[in-house]
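Q: The structure file target-v1.pdb (PDB, C-alpha atoms, pLDDT in the B column) is provided below.
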```pdb
ATOM      1  CA  MET W 203     123.100 141.965  87.086  1.00 66.00           C
ATOM      2  CA  LYS W 204     124.378 138.609  88.296  1.00 72.00           C
ATOM      3  CA  VAL W 205     127.646 137.454  86.733  1.00 72.00           C
ATOM      4  CA  MET W 206     128.315 133.721  86.601  1.00 74.00           C
ATOM      5  CA  SER W 207     131.630 132.205  85.797  1.00 93.00           C
ATOM      6  CA  ARG W 208     131.970 130.142  82.647  1.00 90.00           C
ATOM      7  CA  ASP W 209     132.668 127.018  84.734  1.00 92.00           C
ATOM      8  CA  LYS W 210     129.494 127.550  86.778  1.00 93.00           C
ATOM      9  CA  ILE W 211     127.412 127.970  83.629  1.00 92.00           C
ATOM     10  CA  ILE W 212     128.841 124.763  82.147  1.00 93.00           C
ATOM     11  CA  PHE W 213     128.359 122.856  85.412  1.00 95.00           C
ATOM     12  CA  GLU W 214     124.744 123.981  85.831  1.00 95.00           C
ATOM     13  CA  THR W 215     123.947 123.220  82.195  1.00 96.00           C
ATOM     14  CA  VAL W 216     125.371 119.701  82.436  1.00 96.00           C
ATOM     15  CA  GLU W 217     123.494 119.057  85.699  1.00 97.00           C
ATOM     16  CA  THR W 218     120.244 120.201  84.093  1.00 98.00           C
ATOM     17  CA  ILE W 219     120.792 117.970  81.056  1.00 97.00           C
ATOM     18  CA  ILE W 220     121.526 114.945  83.258  1.00 97.00           C
ATOM     19  CA  ASP W 221     118.392 115.613  85.337  1.00 98.00           C
ATOM     20  CA  SER W 222     116.392 115.836  82.107  1.00 98.00           C
ATOM     21  CA  ILE W 223     117.817 112.531  80.889  1.00 98.00           C
ATOM     22  CA  TYR W 224     116.695 110.833  84.103  1.00 97.00           C
ATOM     23  CA  ASP W 225     113.213 112.378  83.813  1.00 97.00           C
ATOM     24  CA  VAL W 226     112.769 111.315  80.187  1.00 98.00           C
ATOM     25  CA  VAL W 227     114.133 107.800  80.787  1.00 97.00           C
ATOM     26  CA  GLU W 228     111.760 107.300  83.720  1.00 94.00           C
ATOM     27  CA  GLU W 229     108.791 108.593  81.751  1.00 95.00           C
ATOM     28  CA  ASN W 230     109.614 106.328  78.806  1.00 95.00           C
ATOM     29  CA  MET W 231     110.146 103.333  81.086  1.00 93.00           C
ATOM     30  CA  PHE W 232     106.634 103.770  82.495  1.00 90.00           C
ATOM     31  CA  ASN W 233     105.129 104.428  79.045  1.00 93.00           C
ATOM     32  CA  TYR W 234     106.847 101.663  77.070  1.00 92.00           C
ATOM     33  CA  SER W 235     107.588  98.954  79.650  1.00 89.00           C
ATOM     34  CA  ASN W 236     105.797  97.064  82.395  1.00 83.00           C
ATOM     35  CA  TYR W 237     107.260  98.996  85.328  1.00 77.00           C
ATOM     36  CA  GLU W 238     105.144 100.247  88.198  1.00 73.00           C
ATOM     37  CA  ASP W 239     105.930 102.434  91.196  1.00 67.00           C
ATOM     38  CA  GLY W 240     107.866 100.421  93.761  1.00 71.00           C
ATOM     39  CA  ASP W 241     109.262  97.921  91.246  1.00 70.00           C
ATOM     40  CA  ASP W 242     112.492  96.532  92.768  1.00 75.00           C
ATOM     41  CA  LYS W 243     114.280  96.257  89.431  1.00 86.00           C
ATOM     42  CA  PHE W 244     113.236  99.718  88.253  1.00 90.00           C
ATOM     43  CA  GLU W 245     116.152 101.679  89.723  1.00 90.00           C
ATOM     44  CA  GLN W 246     118.772  99.198  88.522  1.00 91.00           C
ATOM     45  CA  ARG W 247     117.344  99.124  85.016  1.00 93.00           C
ATOM     46  CA  ARG W 248     116.974 102.923  84.984  1.00 94.00           C
ATOM     47  CA  GLU W 249     120.670 103.337  85.795  1.00 95.00           C
ATOM     48  CA  GLU W 250     121.587 100.910  82.999  1.00 96.00           C
ATOM     49  CA  ILE W 251     119.407 102.757  80.496  1.00 97.00           C
ATOM     50  CA  VAL W 252     120.680 106.198  81.562  1.00 97.00           C
ATOM     51  CA  SER W 253     124.264 104.973  81.074  1.00 98.00           C
ATOM     52  CA  GLU W 254     123.383 103.662  77.624  1.00 98.00           C
ATOM     53  CA  VAL W 255     121.681 106.948  76.693  1.00 98.00           C
ATOM     54  CA  ILE W 256     124.712 108.963  77.804  1.00 97.00           C
ATOM     55  CA  GLU W 257     127.013 106.633  75.864  1.00 97.00           C
ATOM     56  CA  GLU W 258     124.860 107.056  72.744  1.00 97.00           C
ATOM     57  CA  LEU W 259     124.848 110.834  73.154  1.00 95.00           C
ATOM     58  CA  ASN W 260     128.626 110.806  73.509  1.00 94.00           C
ATOM     59  CA  ASN W 261     128.993 108.745  70.330  1.00 95.00           C
ATOM     60  CA  ARG W 262     126.737 111.099  68.399  1.00 94.00           C
ATOM     61  CA  ILE W 263     128.554 114.177  69.650  1.00 92.00           C
ATOM     62  CA  LEU W 264     131.920 112.678  68.718  1.00 92.00           C
ATOM     63  CA  ASN W 265     130.602 111.843  65.230  1.00 93.00           C
ATOM     64  CA  MET W 266     129.307 115.408  64.761  1.00 89.00           C
ATOM     65  CA  ASN W 267     132.806 116.744  65.194  1.00 70.00           C
ATOM     66  CA  ARG W 268     134.348 114.585  62.470  1.00 74.00           C
TER      67      ARG W 268
END
```
Let me see the file written as structure tokens.
A:
Amino acid sequence: MKVMSRDKIIFETVETIIDSIYDVVEENMFNYSNYEDGDDKFEQRREEIVSEVIEELNNRILNMNR
């Protein structure tokens, strides 16, 4: 049986969630916007949207704990 430290579990979980956020943002950008593969502005806009999503998640998590 493999034993992982608590810190490793937290780190891996956070990394997986962040990867999932990127995947979902990209999918939604292609589905709901006019982006195509190779679009020069795609990466910049994706980073902006990912930051906004993470900020919104943070706000919701903080509000849950009130």
Q: Just give me the gap between atom CA of W:Phe244 and atom CA of W:Asp225 in Å, one decimal is fine.
A: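 Rounded to one decimal, the two atoms are 13.4 Å apart.
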Q: Can you give me, as a list in words, the residues this file yields under the PyMOL selection byres ((chain W and resi 256) around 12)?
A: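 Going through the file, the PyMOL selection byres ((chain W and resi 256) around 12) ends up selecting Val216, Ile219, Ile220, Asp221, Ser222, Ile223, Tyr224, Val227, Glu249, Glu250, Ile251, Val252, Ser253, Glu254, Val255, Glu257, Glu258, Leu259, Asn260, Asn261, Arg262 and Ile263 of chain W.
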Q: What is the atom CA of W:Lys243 to atom CA of W:Glu229 distance in Å?
A: 15.5 Å
Q: Some atoms are absent from stretch 225-245 of chain W, so rebuild N, CA and C atoms and return them as a PDB file, in the coordinates of the input.
A:
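Output saved as selection_36.pdb:
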```
ATOM      1  N   ASP W 225     114.663 112.171  83.902  1.00 97.00           N
ATOM      2  CA  ASP W 225     113.213 112.378  83.813  1.00 97.00           C
ATOM      3  C   ASP W 225     112.630 111.706  82.576  1.00 97.00           C
ATOM      4  N   VAL W 226     113.280 111.879  81.437  1.00 98.00           N
ATOM      5  CA  VAL W 226     112.769 111.315  80.187  1.00 98.00           C
ATOM      6  C   VAL W 226     112.875 109.788  80.196  1.00 98.00           C
ATOM      7  N   VAL W 227     113.982 109.258  80.707  1.00 97.00           N
ATOM      8  CA  VAL W 227     114.133 107.800  80.787  1.00 97.00           C
ATOM      9  C   VAL W 227     113.032 107.211  81.670  1.00 97.00           C
ATOM     10  N   GLU W 228     112.803 107.811  82.830  1.00 94.00           N
ATOM     11  CA  GLU W 228     111.760 107.300  83.720  1.00 94.00           C
ATOM     12  C   GLU W 228     110.386 107.349  83.063  1.00 94.00           C
ATOM     13  N   GLU W 229     110.078 108.464  82.426  1.00 95.00           N
ATOM     14  CA  GLU W 229     108.791 108.593  81.751  1.00 95.00           C
ATOM     15  C   GLU W 229     108.635 107.523  80.664  1.00 95.00           C
ATOM     16  N   ASN W 230     109.680 107.328  79.872  1.00 95.00           N
ATOM     17  CA  ASN W 230     109.614 106.328  78.806  1.00 95.00           C
ATOM     18  C   ASN W 230     109.559 104.909  79.361  1.00 95.00           C
ATOM     19  N   MET W 231     110.224 104.662  80.481  1.00 93.00           N
ATOM     20  CA  MET W 231     110.146 103.333  81.086  1.00 93.00           C
ATOM     21  C   MET W 231     108.714 103.017  81.508  1.00 93.00           C
ATOM     22  N   PHE W 232     108.025 103.984  82.102  1.00 90.00           N
ATOM     23  CA  PHE W 232     106.634 103.770  82.495  1.00 90.00           C
ATOM     24  C   PHE W 232     105.717 103.656  81.286  1.00 90.00           C
ATOM     25  N   ASN W 233     105.991 104.431  80.226  1.00 93.00           N
ATOM     26  CA  ASN W 233     105.129 104.428  79.045  1.00 93.00           C
ATOM     27  C   ASN W 233     105.319 103.202  78.159  1.00 93.00           C
ATOM     28  N   TYR W 234     106.556 102.710  78.057  1.00 92.00           N
ATOM     29  CA  TYR W 234     106.847 101.663  77.070  1.00 92.00           C
ATOM     30  C   TYR W 234     107.257 100.330  77.675  1.00 92.00           C
ATOM     31  N   SER W 235     107.220 100.211  78.996  1.00 89.00           N
ATOM     32  CA  SER W 235     107.588  98.954  79.650  1.00 89.00           C
ATOM     33  C   SER W 235     106.525  98.611  80.686  1.00 89.00           C
ATOM     34  N   ASN W 236     106.764  97.539  81.402  1.00 83.00           N
ATOM     35  CA  ASN W 236     105.797  97.064  82.395  1.00 83.00           C
ATOM     36  C   ASN W 236     106.193  97.437  83.814  1.00 83.00           C
ATOM     37  N   TYR W 237     106.837  98.565  83.995  1.00 77.00           N
ATOM     38  CA  TYR W 237     107.260  98.996  85.328  1.00 77.00           C
ATOM     39  C   TYR W 237     106.123  99.702  86.041  1.00 77.00           C
ATOM     40  N   GLU W 238     106.098  99.543  87.355  1.00 73.00           N
ATOM     41  CA  GLU W 238     105.144 100.247  88.198  1.00 73.00           C
ATOM     42  C   GLU W 238     105.910 100.872  89.355  1.00 73.00           C
ATOM     43  N   ASP W 239     105.300 101.846  90.015  1.00 67.00           N
ATOM     44  CA  ASP W 239     105.930 102.434  91.196  1.00 67.00           C
ATOM     45  C   ASP W 239     106.258 101.336  92.193  1.00 67.00           C
ATOM     46  N   GLY W 240     107.451 101.399  92.764  1.00 71.00           N
ATOM     47  CA  GLY W 240     107.866 100.421  93.761  1.00 71.00           C
ATOM     48  C   GLY W 240     108.488  99.162  93.190  1.00 71.00           C
ATOM     49  N   ASP W 241     108.641  99.093  91.881  1.00 70.00           N
ATOM     50  CA  ASP W 241     109.262  97.921  91.246  1.00 70.00           C
ATOM     51  C   ASP W 241     110.723  97.849  91.676  1.00 70.00           C
ATOM     52  N   ASP W 242     111.135  96.702  92.244  1.00 75.00           N
ATOM     53  CA  ASP W 242     112.492  96.532  92.768  1.00 75.00           C
ATOM     54  C   ASP W 242     113.567  96.667  91.692  1.00 75.00           C
ATOM     55  N   LYS W 243     113.282  96.235  90.500  1.00 86.00           N
ATOM     56  CA  LYS W 243     114.280  96.257  89.431  1.00 86.00           C
ATOM     57  C   LYS W 243     114.309  97.586  88.682  1.00 86.00           C
ATOM     58  N   PHE W 244     113.365  98.456  88.986  1.00 90.00           N
ATOM     59  CA  PHE W 244     113.236  99.718  88.253  1.00 90.00           C
ATOM     60  C   PHE W 244     114.500 100.564  88.342  1.00 90.00           C
ATOM     61  N   GLU W 245     114.992 100.800  89.552  1.00 90.00           N
ATOM     62  CA  GLU W 245     116.152 101.679  89.723  1.00 90.00           C
ATOM     63  C   GLU W 245     117.391 101.116  89.041  1.00 90.00           C
TER      64      GLU W 245
END
```
